[in-house]
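Have a look at the structure below, then the notes.
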Number of protein chains: 2
Amino acid sequence: MTDINFSGMAAKPDSEGDDHAPAAGGRDLRWDIIELLFFAYRDFVGDADQELEAFGFGRAHHRVIHFVTRYPGLKVADLLDVLRITKQSLGRVLKQLLDEGYIVQKTGNNDRRQRLLYATPKGEALVAKLAGLQTDRINRAVAGIDPAGVETVRQFLRAMIDRDDPDKVLEAIFGGGRKTRE
Amino acid sequence: MTDINFSGMAAKPDSEGDDHAPAAGGRDLRWDIIELLFFAYRDFVGDADQELEAFGFGRAHHRVIHFVTRYPGLKVADLLDVLRITKQSLGRVLKQLLDEGYIVQKTGNNDRRQRLLYATPKGEALVAKLAGLQTDRINRAVAGIDPAGVETVRQFLRAMIDRDDPDKVLEAIFGGGRKTRE
DNA sequence: CAAGATACGTCAATATGACTGACATAAATT
DNA sequence: AATTTATGTCAGTCATATTGACGTATCTTG
């Protein structure tokens, strides 16, 4: 797992006076969320890892095929914004997915320089398989939470995201308007 | 960023009948959480990246110094369980942190083979700085959420974590109720 | 139209953080 | 005394990321 820097809890918090973390006893109110995010995300992405191995892919492939499936017609430049990697890094992974038939490119109608990306049925099937594992985990996690609570979770996650430079995908997520769906 | 495989939304979900994701319009109820987790985590860990660069460290260093600060006296073996990496991978990073004075080792009292890890004031200061950025983000995110809602968020995150093989740190986190060392 | 900017692809070199496998040492356990 | 455990380390490899440079097709602009 990667990558992931994850978090950090502070040894000497000073922001709220009362917030400090005495070793393993007496849990605090905010740093525990840092840790929870680390472990939750670690296990969440771990779900897909085993499956990916069977296909000879890594997490980078998952991210690419996922967003292409989810946002058909995504341009290469859009993908770079979303993933925040360089085109050189994307290149290798994207080429593999193209060569192995998980993604196809179509020349843009308005701008023929663009290569619009689309998942093939093969690609969609892979994404569906991987997403199934993760939605299963999410469904289990929200099992004991009422609809209003689930909306609160969504609100929290949305509020954790930077909105300074919303790329195309983030705009879709945030509905362009207010935070909640619309 | 690594690292991080992240998520995936499915193109053809079939688990709940109603859960499917039509491109970028008509957002669904579960797959959006997959994406939200990806972006939230991406930005969350991104907070620390710039700071780490200034110190010449990477995310791996952050994870190590963080947990050592948070759980003083952690054994090397405990750290391997938490981070889920091999000792070879940990070795290089840990050695750097030791050499540069962010961490010190002490021989275990009961078992003299053990190297118990402790953060130095220098190490704690770094962790505090990094954690501050992340708790700021969390505090901003929960600003519009009432205490009960925040507890719901915590409940959700806890439920996202695998409990099969709880390591020492996870026990502390979940012991919140009773096993926490206390 | 010519010049420049843009979207994309690619070659080359490098870094980080992970891996497997093997082996060494000290200290605890049997 | 033999074995197991906790840790460290050497050596090689892999996946994914980086920067920098360059090429080419295509769109935009003066």
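Each chain of the structure tokens is named A, B, ... in the order shown, its residues numbered from 1; ligands are numbered from 1 in display order.
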
Please give the complete set of residues from stretch 18-168 of chain B that DSSP, run on the backbone, assigns to alpha helix (DSSP H), formatted as number ranges by chain.
-> B: 31-55, 59-70, 76-83, 87-99, 121-141, 147-159, 168

Chain A superposed on chain B over all ordered C-alpha pairs, least squares: can you write that as a PDB file with C-alpha atoms, in the first residue's frame?
```
ATOM      1  CA  MET A   1       0.817  10.591  -3.546  1.00  0.00           C
ATOM      2  CA  THR A   2       1.016   7.478  -3.416  1.00  0.00           C
ATOM      3  CA  ASP A   3       0.093   4.964  -3.081  1.00  0.00           C
ATOM      4  CA  ILE A   4      -2.844   4.650  -2.998  1.00  0.00           C
ATOM      5  CA  ASN A   5      -4.987   2.529  -4.689  1.00  0.00           C
ATOM      6  CA  PHE A   6      -7.956   4.115  -3.811  1.00  0.00           C
ATOM      7  CA  SER A   7     -11.137   2.949  -4.535  1.00  0.00           C
ATOM      8  CA  GLY A   8     -13.217   2.131  -7.392  1.00  0.00           C
ATOM      9  CA  MET A   9     -16.734   2.573  -8.174  1.00  0.00           C
ATOM     10  CA  ALA A  10     -18.465  -0.097  -9.975  1.00  0.00           C
ATOM     11  CA  ALA A  11     -19.888   0.107 -13.364  1.00  0.00           C
ATOM     12  CA  LYS A  12     -22.386  -2.566 -12.762  1.00  0.00           C
ATOM     13  CA  PRO A  13     -23.328  -2.876  -9.201  1.00  0.00           C
ATOM     14  CA  ASP A  14     -25.767  -5.529  -8.506  1.00  0.00           C
ATOM     15  CA  SER A  15     -25.925  -5.635  -4.809  1.00  0.00           C
ATOM     16  CA  GLU A  16     -28.718  -3.296  -4.105  1.00  0.00           C
ATOM     17  CA  GLY A  17     -30.667  -3.232  -7.208  1.00  0.00           C
ATOM     18  CA  ASP A  18     -30.882   0.396  -7.357  1.00  0.00           C
ATOM     19  CA  ASP A  19     -27.366   1.270  -6.979  1.00  0.00           C
ATOM     20  CA  HIS A  20     -25.834   2.010 -10.212  1.00  0.00           C
ATOM     21  CA  ALA A  21     -23.826   4.820 -11.464  1.00  0.00           C
ATOM     22  CA  PRO A  22     -24.834   6.608 -14.571  1.00  0.00           C
ATOM     23  CA  ALA A  23     -21.828   8.547 -15.603  1.00  0.00           C
ATOM     24  CA  ALA A  24     -21.729  11.936 -14.095  1.00  0.00           C
ATOM     25  CA  GLY A  25     -25.391  12.524 -13.573  1.00  0.00           C
ATOM     26  CA  GLY A  26     -27.634  11.019 -10.966  1.00  0.00           C
ATOM     27  CA  ARG A  27     -25.206  10.192  -8.215  1.00  0.00           C
ATOM     28  CA  ASP A  28     -25.657   6.954  -6.382  1.00  0.00           C
ATOM     29  CA  LEU A  29     -25.700   6.236  -2.709  1.00  0.00           C
ATOM     30  CA  ARG A  30     -22.601   4.145  -2.080  1.00  0.00           C
ATOM     31  CA  TRP A  31     -20.116   4.579  -4.851  1.00  0.00           C
ATOM     32  CA  ASP A  32     -19.941   8.223  -4.104  1.00  0.00           C
ATOM     33  CA  ILE A  33     -18.470   7.332  -0.729  1.00  0.00           C
ATOM     34  CA  ILE A  34     -15.717   5.434  -2.507  1.00  0.00           C
ATOM     35  CA  GLU A  35     -14.823   8.535  -4.456  1.00  0.00           C
ATOM     36  CA  LEU A  36     -15.168  10.808  -1.484  1.00  0.00           C
ATOM     37  CA  LEU A  37     -12.759   8.634   0.455  1.00  0.00           C
ATOM     38  CA  PHE A  38     -10.258   8.813  -2.374  1.00  0.00           C
ATOM     39  CA  PHE A  39     -10.312  12.580  -2.661  1.00  0.00           C
ATOM     40  CA  ALA A  40     -10.544  13.208   1.073  1.00  0.00           C
ATOM     41  CA  TYR A  41      -7.570  10.983   1.744  1.00  0.00           C
ATOM     42  CA  ARG A  42      -5.609  12.396  -1.154  1.00  0.00           C
ATOM     43  CA  ASP A  43      -5.931  15.931   0.161  1.00  0.00           C
ATOM     44  CA  PHE A  44      -5.526  14.872   3.763  1.00  0.00           C
ATOM     45  CA  VAL A  45      -2.139  13.256   3.206  1.00  0.00           C
ATOM     46  CA  GLY A  46      -1.214  16.004   0.788  1.00  0.00           C
ATOM     47  CA  ASP A  47      -1.160  18.466   3.664  1.00  0.00           C
ATOM     48  CA  ALA A  48       1.981  16.912   5.053  1.00  0.00           C
ATOM     49  CA  ASP A  49       3.806  16.434   1.788  1.00  0.00           C
ATOM     50  CA  GLN A  50       5.071  19.943   1.325  1.00  0.00           C
ATOM     51  CA  GLU A  51       6.370  20.117   4.854  1.00  0.00           C
ATOM     52  CA  LEU A  52       8.063  16.766   4.586  1.00  0.00           C
ATOM     53  CA  GLU A  53       9.911  17.862   1.498  1.00  0.00           C
ATOM     54  CA  ALA A  54      11.503  20.668   3.439  1.00  0.00           C
ATOM     55  CA  PHE A  55      12.952  18.077   5.799  1.00  0.00           C
ATOM     56  CA  GLY A  56      14.028  15.773   3.031  1.00  0.00           C
ATOM     57  CA  PHE A  57      11.619  13.141   4.173  1.00  0.00           C
ATOM     58  CA  GLY A  58       8.880  11.209   2.469  1.00  0.00           C
ATOM     59  CA  ARG A  59       5.642   9.725   3.578  1.00  0.00           C
ATOM     60  CA  ALA A  60       7.315   6.630   4.864  1.00  0.00           C
ATOM     61  CA  HIS A  61       9.220   8.740   7.366  1.00  0.00           C
ATOM     62  CA  HIS A  62       6.041  10.444   8.423  1.00  0.00           C
ATOM     63  CA  ARG A  63       4.275   7.199   9.159  1.00  0.00           C
ATOM     64  CA  VAL A  64       7.170   5.928  11.235  1.00  0.00           C
ATOM     65  CA  ILE A  65       7.862   9.030  13.263  1.00  0.00           C
ATOM     66  CA  HIS A  66       4.165   9.510  13.790  1.00  0.00           C
ATOM     67  CA  PHE A  67       3.458   6.147  15.323  1.00  0.00           C
ATOM     68  CA  VAL A  68       6.608   6.221  17.386  1.00  0.00           C
ATOM     69  CA  THR A  69       5.606   9.581  18.786  1.00  0.00           C
ATOM     70  CA  ARG A  70       2.108   8.482  19.436  1.00  0.00           C
ATOM     71  CA  TYR A  71       3.019   5.164  21.000  1.00  0.00           C
ATOM     72  CA  PRO A  72       6.319   5.647  22.823  1.00  0.00           C
ATOM     73  CA  GLY A  73       8.216   2.435  23.359  1.00  0.00           C
ATOM     74  CA  LEU A  74       6.849   0.768  20.280  1.00  0.00           C
ATOM     75  CA  LYS A  75       8.918  -2.228  19.225  1.00  0.00           C
ATOM     76  CA  VAL A  76      10.208  -2.624  15.697  1.00  0.00           C
ATOM     77  CA  ALA A  77       7.941  -5.637  15.266  1.00  0.00           C
ATOM     78  CA  ASP A  78       4.909  -3.578  16.337  1.00  0.00           C
ATOM     79  CA  LEU A  79       5.742  -0.983  13.759  1.00  0.00           C
ATOM     80  CA  LEU A  80       5.940  -3.619  11.067  1.00  0.00           C
ATOM     81  CA  ASP A  81       2.471  -4.851  12.015  1.00  0.00           C
ATOM     82  CA  VAL A  82       0.997  -1.397  11.897  1.00  0.00           C
ATOM     83  CA  LEU A  83       2.600  -0.253   8.679  1.00  0.00           C
ATOM     84  CA  ARG A  84       2.351  -3.628   7.013  1.00  0.00           C
ATOM     85  CA  ILE A  85       5.675  -3.417   5.311  1.00  0.00           C
ATOM     86  CA  THR A  86       8.748  -5.615   5.504  1.00  0.00           C
ATOM     87  CA  LYS A  87      11.578  -4.984   7.891  1.00  0.00           C
ATOM     88  CA  GLN A  88      13.849  -4.332   4.931  1.00  0.00           C
ATOM     89  CA  SER A  89      11.627  -1.483   3.851  1.00  0.00           C
ATOM     90  CA  LEU A  90      11.370  -0.118   7.335  1.00  0.00           C
ATOM     91  CA  GLY A  91      15.100  -0.434   7.841  1.00  0.00           C
ATOM     92  CA  ARG A  92      16.222   2.309   5.572  1.00  0.00           C
ATOM     93  CA  VAL A  93      13.680   4.824   6.764  1.00  0.00           C
ATOM     94  CA  LEU A  94      14.156   4.028  10.416  1.00  0.00           C
ATOM     95  CA  LYS A  95      17.918   4.282  10.091  1.00  0.00           C
ATOM     96  CA  GLN A  96      17.618   7.758   8.627  1.00  0.00           C
ATOM     97  CA  LEU A  97      15.354   8.893  11.436  1.00  0.00           C
ATOM     98  CA  LEU A  98      17.770   7.456  13.995  1.00  0.00           C
ATOM     99  CA  ASP A  99      20.843   8.966  12.335  1.00  0.00           C
ATOM    100  CA  GLU A 100      19.264  12.377  12.113  1.00  0.00           C
ATOM    101  CA  GLY A 101      18.105  12.362  15.691  1.00  0.00           C
ATOM    102  CA  TYR A 102      14.358  12.147  15.340  1.00  0.00           C
ATOM    103  CA  ILE A 103      14.121   8.805  17.104  1.00  0.00           C
ATOM    104  CA  VAL A 104      16.150   6.945  19.708  1.00  0.00           C
ATOM    105  CA  GLN A 105      16.269   3.267  20.560  1.00  0.00           C
ATOM    106  CA  LYS A 106      16.361   1.750  24.010  1.00  0.00           C
ATOM    107  CA  THR A 107      17.029  -1.852  24.780  1.00  0.00           C
ATOM    108  CA  GLY A 108      14.022  -3.593  26.247  1.00  0.00           C
ATOM    109  CA  ASN A 109      14.079  -4.228  29.982  1.00  0.00           C
ATOM    110  CA  ASN A 110      12.476  -7.622  29.974  1.00  0.00           C
ATOM    111  CA  ASP A 111      13.786  -8.701  26.633  1.00  0.00           C
ATOM    112  CA  ARG A 112      17.123  -7.269  25.696  1.00  0.00           C
ATOM    113  CA  ARG A 113      16.686  -8.241  22.059  1.00  0.00           C
ATOM    114  CA  GLN A 114      14.004  -5.644  21.641  1.00  0.00           C
ATOM    115  CA  ARG A 115      14.721  -2.118  20.488  1.00  0.00           C
ATOM    116  CA  LEU A 116      12.048   0.123  21.924  1.00  0.00           C
ATOM    117  CA  LEU A 117      11.546   3.259  19.887  1.00  0.00           C
ATOM    118  CA  TYR A 118      11.046   6.745  21.254  1.00  0.00           C
ATOM    119  CA  ALA A 119      10.739  10.078  19.495  1.00  0.00           C
ATOM    120  CA  THR A 120      13.161  12.789  20.530  1.00  0.00           C
ATOM    121  CA  PRO A 121      11.903  16.332  21.139  1.00  0.00           C
ATOM    122  CA  LYS A 122      13.082  17.039  17.610  1.00  0.00           C
ATOM    123  CA  GLY A 123      10.974  14.179  16.332  1.00  0.00           C
ATOM    124  CA  GLU A 124       7.967  15.212  18.357  1.00  0.00           C
ATOM    125  CA  ALA A 125       8.208  18.733  17.027  1.00  0.00           C
ATOM    126  CA  LEU A 126       8.113  17.479  13.471  1.00  0.00           C
ATOM    127  CA  VAL A 127       5.142  15.269  14.173  1.00  0.00           C
ATOM    128  CA  ALA A 128       3.335  18.123  15.879  1.00  0.00           C
ATOM    129  CA  LYS A 129       3.900  20.363  12.915  1.00  0.00           C
ATOM    130  CA  LEU A 130       2.586  17.820  10.463  1.00  0.00           C
ATOM    131  CA  ALA A 131      -0.341  16.822  12.625  1.00  0.00           C
ATOM    132  CA  GLY A 132      -1.307  20.457  13.028  1.00  0.00           C
ATOM    133  CA  LEU A 133      -1.971  20.742   9.336  1.00  0.00           C
ATOM    134  CA  GLN A 134      -4.141  17.691   9.393  1.00  0.00           C
ATOM    135  CA  THR A 135      -6.081  18.504  12.535  1.00  0.00           C
ATOM    136  CA  ASP A 136      -6.743  21.913  11.047  1.00  0.00           C
ATOM    137  CA  ARG A 137      -8.341  20.225   8.085  1.00  0.00           C
ATOM    138  CA  ILE A 138     -10.350  17.938  10.322  1.00  0.00           C
ATOM    139  CA  ASN A 139     -11.497  20.805  12.498  1.00  0.00           C
ATOM    140  CA  ARG A 140     -12.630  22.683   9.432  1.00  0.00           C
ATOM    141  CA  ALA A 141     -14.460  19.623   8.190  1.00  0.00           C
ATOM    142  CA  VAL A 142     -16.354  19.052  11.420  1.00  0.00           C
ATOM    143  CA  ALA A 143     -17.111  22.716  11.938  1.00  0.00           C
ATOM    144  CA  GLY A 144     -20.652  22.342  10.733  1.00  0.00           C
ATOM    145  CA  ILE A 145     -21.287  19.014  12.398  1.00  0.00           C
ATOM    146  CA  ASP A 146     -22.680  18.633  15.902  1.00  0.00           C
ATOM    147  CA  PRO A 147     -20.955  16.429  18.520  1.00  0.00           C
ATOM    148  CA  ALA A 148     -23.302  13.518  17.878  1.00  0.00           C
ATOM    149  CA  GLY A 149     -22.538  13.748  14.182  1.00  0.00           C
ATOM    150  CA  VAL A 150     -18.815  13.739  14.815  1.00  0.00           C
ATOM    151  CA  GLU A 151     -19.269  10.618  16.880  1.00  0.00           C
ATOM    152  CA  THR A 152     -21.110   9.091  13.957  1.00  0.00           C
ATOM    153  CA  VAL A 153     -18.163   9.875  11.707  1.00  0.00           C
ATOM    154  CA  ARG A 154     -15.865   8.171  14.175  1.00  0.00           C
ATOM    155  CA  GLN A 155     -18.145   5.187  14.349  1.00  0.00           C
ATOM    156  CA  PHE A 156     -18.124   4.925  10.569  1.00  0.00           C
ATOM    157  CA  LEU A 157     -14.352   5.079  10.339  1.00  0.00           C
ATOM    158  CA  ARG A 158     -13.927   2.483  13.056  1.00  0.00           C
ATOM    159  CA  ALA A 159     -16.335   0.191  11.284  1.00  0.00           C
ATOM    160  CA  MET A 160     -14.309   0.491   8.086  1.00  0.00           C
ATOM    161  CA  ILE A 161     -11.276  -1.071   9.775  1.00  0.00           C
ATOM    162  CA  ASP A 162     -10.540  -4.803   9.789  1.00  0.00           C
ATOM    163  CA  ARG A 163     -10.651  -6.257  13.225  1.00  0.00           C
ATOM    164  CA  ASP A 164      -9.429  -9.746  12.452  1.00  0.00           C
ATOM    165  CA  ASP A 165      -5.866  -9.334  13.519  1.00  0.00           C
ATOM    166  CA  PRO A 166      -5.704  -6.287  15.664  1.00  0.00           C
ATOM    167  CA  ASP A 167      -2.161  -5.262  16.316  1.00  0.00           C
ATOM    168  CA  LYS A 168      -0.970  -3.429  19.370  1.00  0.00           C
ATOM    169  CA  VAL A 169      -1.895  -0.016  18.072  1.00  0.00           C
ATOM    170  CA  LEU A 170      -5.353  -1.027  16.927  1.00  0.00           C
ATOM    171  CA  GLU A 171      -5.999  -2.542  20.305  1.00  0.00           C
ATOM    172  CA  ALA A 172      -5.236   0.804  21.854  1.00  0.00           C
ATOM    173  CA  ILE A 173      -7.550   2.548  19.444  1.00  0.00           C
ATOM    174  CA  PHE A 174     -10.400   0.195  19.961  1.00  0.00           C
ATOM    175  CA  GLY A 175      -9.906   0.172  23.647  1.00  0.00           C
ATOM    176  CA  GLY A 176      -9.807  -3.516  23.618  1.00  0.00           C
ATOM    177  CA  GLY A 177     -13.446  -3.687  23.999  1.00  0.00           C
ATOM    178  CA  ARG A 178     -16.318  -2.451  22.199  1.00  0.00           C
ATOM    179  CA  LYS A 179     -16.003  -0.156  19.507  1.00  0.00           C
ATOM    180  CA  THR A 180     -16.552   3.060  21.059  1.00  0.00           C
ATOM    181  CA  ARG A 181     -13.903   4.097  23.302  1.00  0.00           C
ATOM    182  CA  GLU A 182     -15.146   2.342  26.158  1.00  0.00           C
TER     183      GLU A 182
END
```

What gap, in Å, lies between atom C1' of D:DT19 and atom C1' of C:DA15?
->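 The value is 10.8 Å.
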
Write down as a PyMOL selection string the residues belonging to stretch 26-179 of chain A that are assigned strand (DSSP E or B) by DSSP computed on the backbone.
-> chain A and resi 74+103-107+115-119

Set out as CSV a contact list for chain C and chain B with a cut-off of 12 Å, giving each residue of chain C that qualifies its closest atom pair and distance in Å to one decimal, counting only C-alpha atoms (C1' of nucleotides), ordered by chain and rising residue number.
```
residue,atom,partner,partner_atom,distance
C:DA15,C1',B:Gly58,CA,11.0
C:DT16,C1',B:Gly58,CA,7.8
C:DG17,C1',B:Ser89,CA,7.2
C:DA18,C1',B:Ser89,CA,6.5
C:DC19,C1',B:Thr86,CA,8.0
C:DT20,C1',B:Thr86,CA,10.0
C:DG21,C1',B:Gln88,CA,11.3
C:DT25,C1',B:Arg113,CA,10.3
C:DA26,C1',B:Arg113,CA,6.9
C:DA27,C1',B:Arg113,CA,5.6
C:DA28,C1',B:Asp111,CA,7.3
C:DT29,C1',B:Asp111,CA,11.6
```

Test item: chain D residues at most 9 Å from chain A, counting only C-alpha atoms (C1' of nucleotides), as a VMD selection string | chain D and resid 15 to 18 25 to 27

Pairwise distance for atom C1' of D:DT5 and atom C1' of C:DA24, rounded to one decimal in Å |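 It comes out at 13.9 Å.
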
Using atom C1' of C:DA7 and atom C1' of D:DT24 as the two end points, give the distance in Å to one decimal.
-> 10.5 Å
